[in-house]
Amino acid sequence: MKFKITHTDTRTNARTGVISTDHGDVPTPIFMPVGTVGSVKGVHQRELSDDINAKIILGNTYHLYLRPGMDIIRKAGGLHKFIGWDRAILTDSGGFQVFSLAENRKITPQGVTFRSHIDGSKHLFTPENVVDIERTIGSDIMMALDECTPYPCTYEYATKSLDITHKWLARGVQHFKESEPLYGHSQAYFPIVQGSVYKDLREKSAEFIANQGMDGNAIGGLSVGEPVEMMYEMIEVVNNILPLDKPRYLMGVGTPANIIEGVARGIDMFDCVMPTRNGRNGMIFTSQGTINLKNEKWKDDFTELDPNGTSFVDHCYTKAYVRHLVVSGERLAAQIASIHNLAFYLALVAEIRTRIADGTFADWKDEAAKRMMQRL
RNA sequence: GGGAAGUUCGUAUAGUGGUCAAUUACGGGAGACUGUAAAUCUCUUGCUUCGGCUUCGGUGGUUCGAAUCCAUCACUUCCCA
């Protein structure tokens with residue numbers, strides 16, 4: 001994996017670049033649709049590539065490991081072949097599940113013991129075996145095993161957790177260096193900055209992560225309930241330390257405004273379930289604001305789903321029709337809304353790249369973020 | 001023509017003397033959702049100037065008190081002719 005910066009904004013910390021993987025180039029800043037179990041929920045791979053123009057998607061180590069299991073993925077020849085996706089894939093390590101499945105896991109210095117949410121069976125994740133699993137999956141970018149701390153989180157817990165995350169990282173990096181890709185394409189390994197909302201812990205973590213010398217770096221443990229201003233402050237603190245010449249990935253973020261603000265602070269990569277999950281729940285994002293299609297006010301609105309939208313669904317369906325589908329519980333509603341939202345997110349990062357390149361990003365960002373977050 | 005059962009807040013239901021503006025489901029309205037245990041979850045759903053007001057087919061009655069008991073009328077469903 002290579003990263004090349006193409007433009008640097010003079011008035012913010014935003015930049016554009018290109019991440020080159022063996023599964024294609026990824027222009028940055030980029031949004032990566034989440035496809036946890038090897039499927040971006042409700043969206044075909046063809047729609048993902050042709051209509052949404054996603055360049056890279058996520059898979060999840062924990063979920064794929066439990067089902068279908070690594071023997072199937074290995075026999076399939078890796079996740080790309082298994083799911084029929086020849087563009088880039090990034091795998092989350094299961095660190096988020098350490099957070100979200102808190103009642104079903106136990107953290108030890110060795111690793112983390114999980115109880116499967118599917119059948120209750122017990123499993124151990126270590127920094128080493130997670131690298132092995134990600135090698136088997138064959139993702140272009142593999143994430144290190146970390147603990148995504150909850151919010152609020154005491155300073156004591158955050159300190160202890162960070163120490164474990166760092167120790168896990170050192171072992172993960174070593175195992176990454178000692179292991180080889182299985183399918184002939186190269187794989188990168190990204191460490192993750194933690195430290196909750198504590199500035200000194202974040203600084204310490206950013207330094208530790210930067211020193212690993214990996215091809216890219218991630219910021220995790222944010223957008224877990226803390227006020228957004230706190231999140232933005234942590235990004236600033238961390239990005240002051242993370243190397244400029246490596247891509248920076250803000251994990252699990254976020255809203256259109258979060259993405260704009262993240263880019264302004266030097267973030268290059270984002271992922272979030274919001275466009276797909278909220279889409280399934282009847283909400284769409286547009287350049288003019290968000291729309292809750294369940295609302296009665298749209299029942300006889302026969303205008304295009306999103307007149308400014310870049311996706312085909314925006315122009316062949318009306319708000320009234322998609323609302324009808326949502327209210328009726330039709331699966332097509334989830335598909336249309338997911339396609340629309342993902343296309344909107346990808347168009348958003350495309351516009352951000354254009355504006356960084358032509359120097360209009362700083363003037364545009366505040367008004368755009370505000371406009372996109374208003375409720376229609 | 002004879003007999004039986006029934007009529008409750010949009011619909012279907014629970015409630016068989018006071019703890020009932022009244023159960024539950026659906027339907028309606030709104031909110032949440034940020035490295036996906038989510039096509040999920042939460043709230044709300046008689047009116048109200050928030051003190052109350054008017055409700056359980058209609059009317060009349062019994063009772064301190066009725067959605068609940070009695071009478072009667074209306075309507076509905078089923079069975080027998």
# chains A, B, ... in the order shown; residues from 1 in each chain; ligands from 1
call {"tool": "residues_around", "arguments": {"residues": "B:C80", "least_positions_apart": "6", "cutoff": "12 Å", "atoms": "only C-alpha atoms (C1' of nucleotides)", "output": "NGL selection string"}}
result
:B and (1-4)
call {"tool": "residues_around", "arguments": {"residues": "A:Lys319", "least_positions_apart": "3", "cutoff": "9 Å", "atoms": "only C-alpha atoms (C1' of nucleotides)", "output": "mmCIF file with N, CA and C atoms, in the first residue's frame"}}
result
data_model
loop_
_atom_site.group_PDB
_atom_site.id
_atom_site.type_symbol
_atom_site.label_atom_id
_atom_site.label_comp_id
_atom_site.auth_asym_id
_atom_site.auth_seq_id
_atom_site.Cartn_x
_atom_site.Cartn_y
_atom_site.Cartn_z
ATOM 1 N N LEU A 293 -38.157 9.940 6.257
ATOM 2 C CA LEU A 293 -39.214 9.596 5.300
ATOM 3 C C LEU A 293 -40.470 9.050 5.966
ATOM 4 N N TRP A 298 -44.271 13.930 4.108
ATOM 5 C CA TRP A 298 -43.777 13.525 2.787
ATOM 6 C C TRP A 298 -44.782 12.672 2.013
ATOM 7 N N LYS A 299 -45.939 12.409 2.605
ATOM 8 C CA LYS A 299 -46.845 11.418 2.014
ATOM 9 C C LYS A 299 -47.340 11.792 0.619
ATOM 10 N N ASP A 300 -47.454 13.100 0.361
ATOM 11 C CA ASP A 300 -47.892 13.484 -0.986
ATOM 12 C C ASP A 300 -46.875 14.405 -1.657
ATOM 13 N N ASP A 301 -45.603 14.200 -1.300
ATOM 14 C CA ASP A 301 -44.539 14.974 -1.941
ATOM 15 C C ASP A 301 -44.018 14.154 -3.124
ATOM 16 N N PHE A 302 -44.444 14.566 -4.311
ATOM 17 C CA PHE A 302 -44.096 13.784 -5.503
ATOM 18 C C PHE A 302 -42.855 14.317 -6.215
ATOM 19 N N THR A 303 -42.044 15.054 -5.471
ATOM 20 C CA THR A 303 -40.774 15.501 -6.061
ATOM 21 C C THR A 303 -39.775 14.343 -5.973
ATOM 22 N N GLU A 304 -38.699 14.453 -6.745
ATOM 23 C CA GLU A 304 -37.680 13.409 -6.758
ATOM 24 C C GLU A 304 -37.132 13.186 -5.352
ATOM 25 N N LEU A 305 -36.703 11.957 -5.091
ATOM 26 C CA LEU A 305 -36.177 11.617 -3.770
ATOM 27 C C LEU A 305 -35.124 12.642 -3.350
ATOM 28 N N ASP A 306 -34.177 12.930 -4.226
ATOM 29 C CA ASP A 306 -33.194 13.986 -3.971
ATOM 30 C C ASP A 306 -32.814 14.620 -5.311
ATOM 31 N N VAL A 322 -41.183 6.452 -1.862
ATOM 32 C CA VAL A 322 -40.240 5.805 -0.947
ATOM 33 C C VAL A 322 -40.801 5.825 0.470
ATOM 34 N N ARG A 323 -41.505 6.903 0.826
ATOM 35 C CA ARG A 323 -42.168 6.928 2.143
ATOM 36 C C ARG A 323 -43.181 5.787 2.239
ATOM 37 N N HIS A 324 -43.938 5.605 1.180
ATOM 38 C CA HIS A 324 -44.906 4.503 1.160
ATOM 39 C C HIS A 324 -44.200 3.168 1.387
#
call {"tool": "interface_residues", "arguments": {"of": "chain B", "to": "chain A", "cutoff": "6 Å", "atoms": "only C-alpha atoms (C1' of nucleotides)", "output": "MDAnalysis selection string"}}
result
chainID B and resid 34:35 37 39
call {"tool": "residues_around", "arguments": {"residues": "B:C26", "least_positions_apart": "6", "cutoff": "12 Å", "atoms": "only C-alpha atoms (C1' of nucleotides)", "output": "number ranges by chain"}}
result
B: 10-13
call {"tool": "atom_distance", "arguments": {"atom1": "atom CA of A:Val197", "atom2": "atom CA of A:Thr61"}}
result
26.1 Å
call {"tool": "select_by_dssp", "arguments": {"residues": "stretch 166-364 of chain A", "states": "strand (DSSP E)", "output": "list in words"}}
result
Ala188, Tyr189, Phe190, Ile192, Val193, Asn217, Ala218, Ile219, Arg248, Tyr249, Leu250, Met269, Phe270, Asp271, Cys272, Met283, Ile284, Phe285, Thr286, Gly289, Thr290, Ile291 and Asn292 of chain A
call {"tool": "residues_around", "arguments": {"residues": "stretch 48-57 of chain B", "least_positions_apart": "4", "cutoff": "12 Å", "atoms": "only C-alpha atoms (C1' of nucleotides)", "output": "ChimeraX atom specification"}}
result
/B:6-9,15,20-22,66-68,73-76
call {"tool": "write_last_selection", "arguments": {"atoms": "N, CA and C atoms (P, O5', C5', C4', C3', O3' and C1' of nucleotides)", "output": "tab-separated table (two decimals), in the first residue's frame"}}
result
chain	number	residue	atom	x	y	z
B	6	G	P	-72.34	-13.09	25.80
B	6	G	O5'	-72.19	-11.89	24.74
B	6	G	C5'	-70.96	-11.67	24.08
B	6	G	C4'	-71.14	-10.85	22.82
B	6	G	C3'	-71.18	-9.34	22.96
B	6	G	O3'	-69.90	-8.79	23.11
B	6	G	C1'	-72.77	-10.05	21.37
B	7	U	P	-69.75	-7.37	23.87
B	7	U	O5'	-70.18	-6.34	22.74
B	7	U	C5'	-69.31	-6.04	21.62
B	7	U	C4'	-70.02	-4.99	20.79
B	7	U	C3'	-69.95	-3.58	21.40
B	7	U	O3'	-69.35	-2.65	20.48
B	7	U	C1'	-72.21	-4.22	20.87
B	8	U	P	-67.76	-2.57	20.40
B	8	U	O5'	-67.36	-2.00	21.81
B	8	U	C5'	-67.88	-0.75	22.24
B	8	U	C4'	-66.95	-0.15	23.27
B	8	U	C3'	-65.54	0.12	22.76
B	8	U	O3'	-65.47	1.38	22.09
B	8	U	C1'	-65.42	-1.00	24.84
B	9	C	P	-64.45	1.61	20.91
B	9	C	O5'	-63.52	2.81	21.43
B	9	C	C5'	-63.73	4.16	20.95
B	9	C	C4'	-62.48	4.98	21.24
B	9	C	C3'	-61.19	4.44	20.60
B	9	C	O3'	-60.90	5.07	19.34
B	9	C	C1'	-60.86	4.79	22.92
B	15	G	P	-61.70	-10.57	30.14
B	15	G	O5'	-61.92	-9.27	31.03
B	15	G	C5'	-61.03	-9.00	32.11
B	15	G	C4'	-61.17	-7.55	32.53
B	15	G	C3'	-62.50	-7.22	33.20
B	15	G	O3'	-62.34	-7.44	34.60
B	15	G	C1'	-61.89	-5.53	31.63
B	20	C	P	-57.19	1.28	37.92
B	20	C	O5'	-58.02	2.13	36.89
B	20	C	C5'	-58.00	3.56	36.86
B	20	C	C4'	-59.13	4.00	35.94
B	20	C	C3'	-60.47	4.15	36.65
B	20	C	O3'	-61.11	5.39	36.31
B	20	C	C1'	-60.66	2.63	34.83
B	21	A	P	-60.28	6.75	36.40
B	21	A	O5'	-59.50	6.91	35.01
B	21	A	C5'	-60.17	7.21	33.81
B	21	A	C4'	-59.30	6.82	32.64
B	21	A	C3'	-58.09	7.74	32.40
B	21	A	O3'	-57.04	7.02	31.78
B	21	A	C1'	-59.48	7.79	30.53
B	22	A	P	-56.32	5.82	32.44
B	22	A	O5'	-57.20	4.60	31.89
B	22	A	C5'	-56.91	3.32	32.41
B	22	A	C4'	-57.79	2.29	31.80
B	22	A	C3'	-57.45	1.86	30.37
B	22	A	O3'	-56.37	0.96	30.37
B	22	A	C1'	-59.79	2.00	30.69
B	66	A	P	-72.21	5.46	39.04
B	66	A	O5'	-71.45	4.06	38.85
B	66	A	C5'	-70.09	3.99	38.41
B	66	A	C4'	-70.00	3.01	37.26
B	66	A	C3'	-70.71	3.49	35.99
B	66	A	O3'	-70.02	2.99	34.84
B	66	A	C1'	-71.76	1.55	36.77
B	67	A	P	-68.86	3.76	34.17
B	67	A	O5'	-68.53	2.90	32.89
B	67	A	C5'	-69.38	2.92	31.75
B	67	A	C4'	-69.33	1.60	31.03
B	67	A	C3'	-69.91	0.43	31.83
B	67	A	O3'	-71.29	0.33	31.59
B	67	A	C1'	-67.76	-0.13	30.98
B	68	U	P	-72.19	-0.66	32.51
B	68	U	O5'	-71.55	-2.05	32.12
B	68	U	C5'	-72.09	-3.27	32.57
B	68	U	C4'	-71.01	-4.11	33.22
B	68	U	C3'	-71.47	-4.75	34.51
B	68	U	O3'	-71.47	-6.16	34.35
B	68	U	C1'	-69.29	-3.75	34.72
B	73	C	P	-88.24	-3.85	23.83
B	73	C	O5'	-87.49	-2.75	22.96
B	73	C	C5'	-88.19	-1.57	22.52
B	73	C	C4'	-87.22	-0.59	21.94
B	73	C	C3'	-86.34	-1.13	20.81
B	73	C	O3'	-87.02	-1.13	19.56
B	73	C	C1'	-85.00	0.08	22.34
B	74	A	P	-86.60	-2.18	18.46
B	74	A	O5'	-85.17	-1.62	18.01
B	74	A	C5'	-85.08	-0.36	17.31
B	74	A	C4'	-83.62	-0.01	17.08
B	74	A	C3'	-82.82	-1.10	16.36
B	74	A	O3'	-83.02	-1.05	14.96
B	74	A	C1'	-81.59	-0.32	18.22
B	75	C	P	-83.09	-2.41	14.16
B	75	C	O5'	-81.54	-2.76	14.03
B	75	C	C5'	-80.66	-1.89	13.33
B	75	C	C4'	-79.23	-2.18	13.74
B	75	C	C3'	-78.74	-3.60	13.45
B	75	C	O3'	-78.35	-3.75	12.10
B	75	C	C1'	-78.11	-2.99	15.64
B	76	U	P	-78.39	-5.18	11.46
B	76	U	O5'	-77.14	-5.90	12.13
B	76	U	C5'	-75.81	-5.46	11.83
B	76	U	C4'	-74.82	-6.32	12.58
B	76	U	C3'	-74.96	-7.81	12.34
B	76	U	O3'	-74.30	-8.20	11.14
B	76	U	C1'	-74.74	-7.39	14.66
call {"tool": "atom_distance", "arguments": {"atom1": "atom CA of A:Arg202", "atom2": "atom CA of A:Thr159"}}
result
10.0 Å
call {"tool": "residues_around", "arguments": {"residues": "A:Asp22", "least_positions_apart": "4", "cutoff": "8 Å", "atoms": "only C-alpha atoms (C1' of nucleotides)", "output": "mmCIF file with N, CA and C atoms, in the first residue's frame"}}
result
data_model
loop_
_atom_site.group_PDB
_atom_site.id
_atom_site.type_symbol
_atom_site.label_atom_id
_atom_site.label_comp_id
_atom_site.auth_asym_id
_atom_site.auth_seq_id
_atom_site.Cartn_x
_atom_site.Cartn_y
_atom_site.Cartn_z
ATOM 1 N N MET A 1 0.839 -1.201 0.000
ATOM 2 C CA MET A 1 0.000 0.000 0.000
ATOM 3 C C MET A 1 0.868 1.242 0.000
ATOM 4 N N ALA A 88 -10.838 -2.541 -3.089
ATOM 5 C CA ALA A 88 -10.160 -2.711 -1.803
ATOM 6 C C ALA A 88 -11.127 -3.054 -0.657
ATOM 7 N N ASP A 140 -7.102 -5.666 2.288
ATOM 8 C CA ASP A 140 -5.997 -4.811 1.847
ATOM 9 C C ASP A 140 -5.432 -4.016 3.006
ATOM 10 N N HIS A 185 -1.642 -10.647 -2.943
ATOM 11 C CA HIS A 185 -1.709 -9.182 -2.905
ATOM 12 C C HIS A 185 -1.221 -8.700 -1.541
ATOM 13 N N SER A 186 -0.727 -7.478 -1.510
ATOM 14 C CA SER A 186 -0.126 -6.987 -0.268
ATOM 15 C C SER A 186 -1.207 -6.498 0.703
#
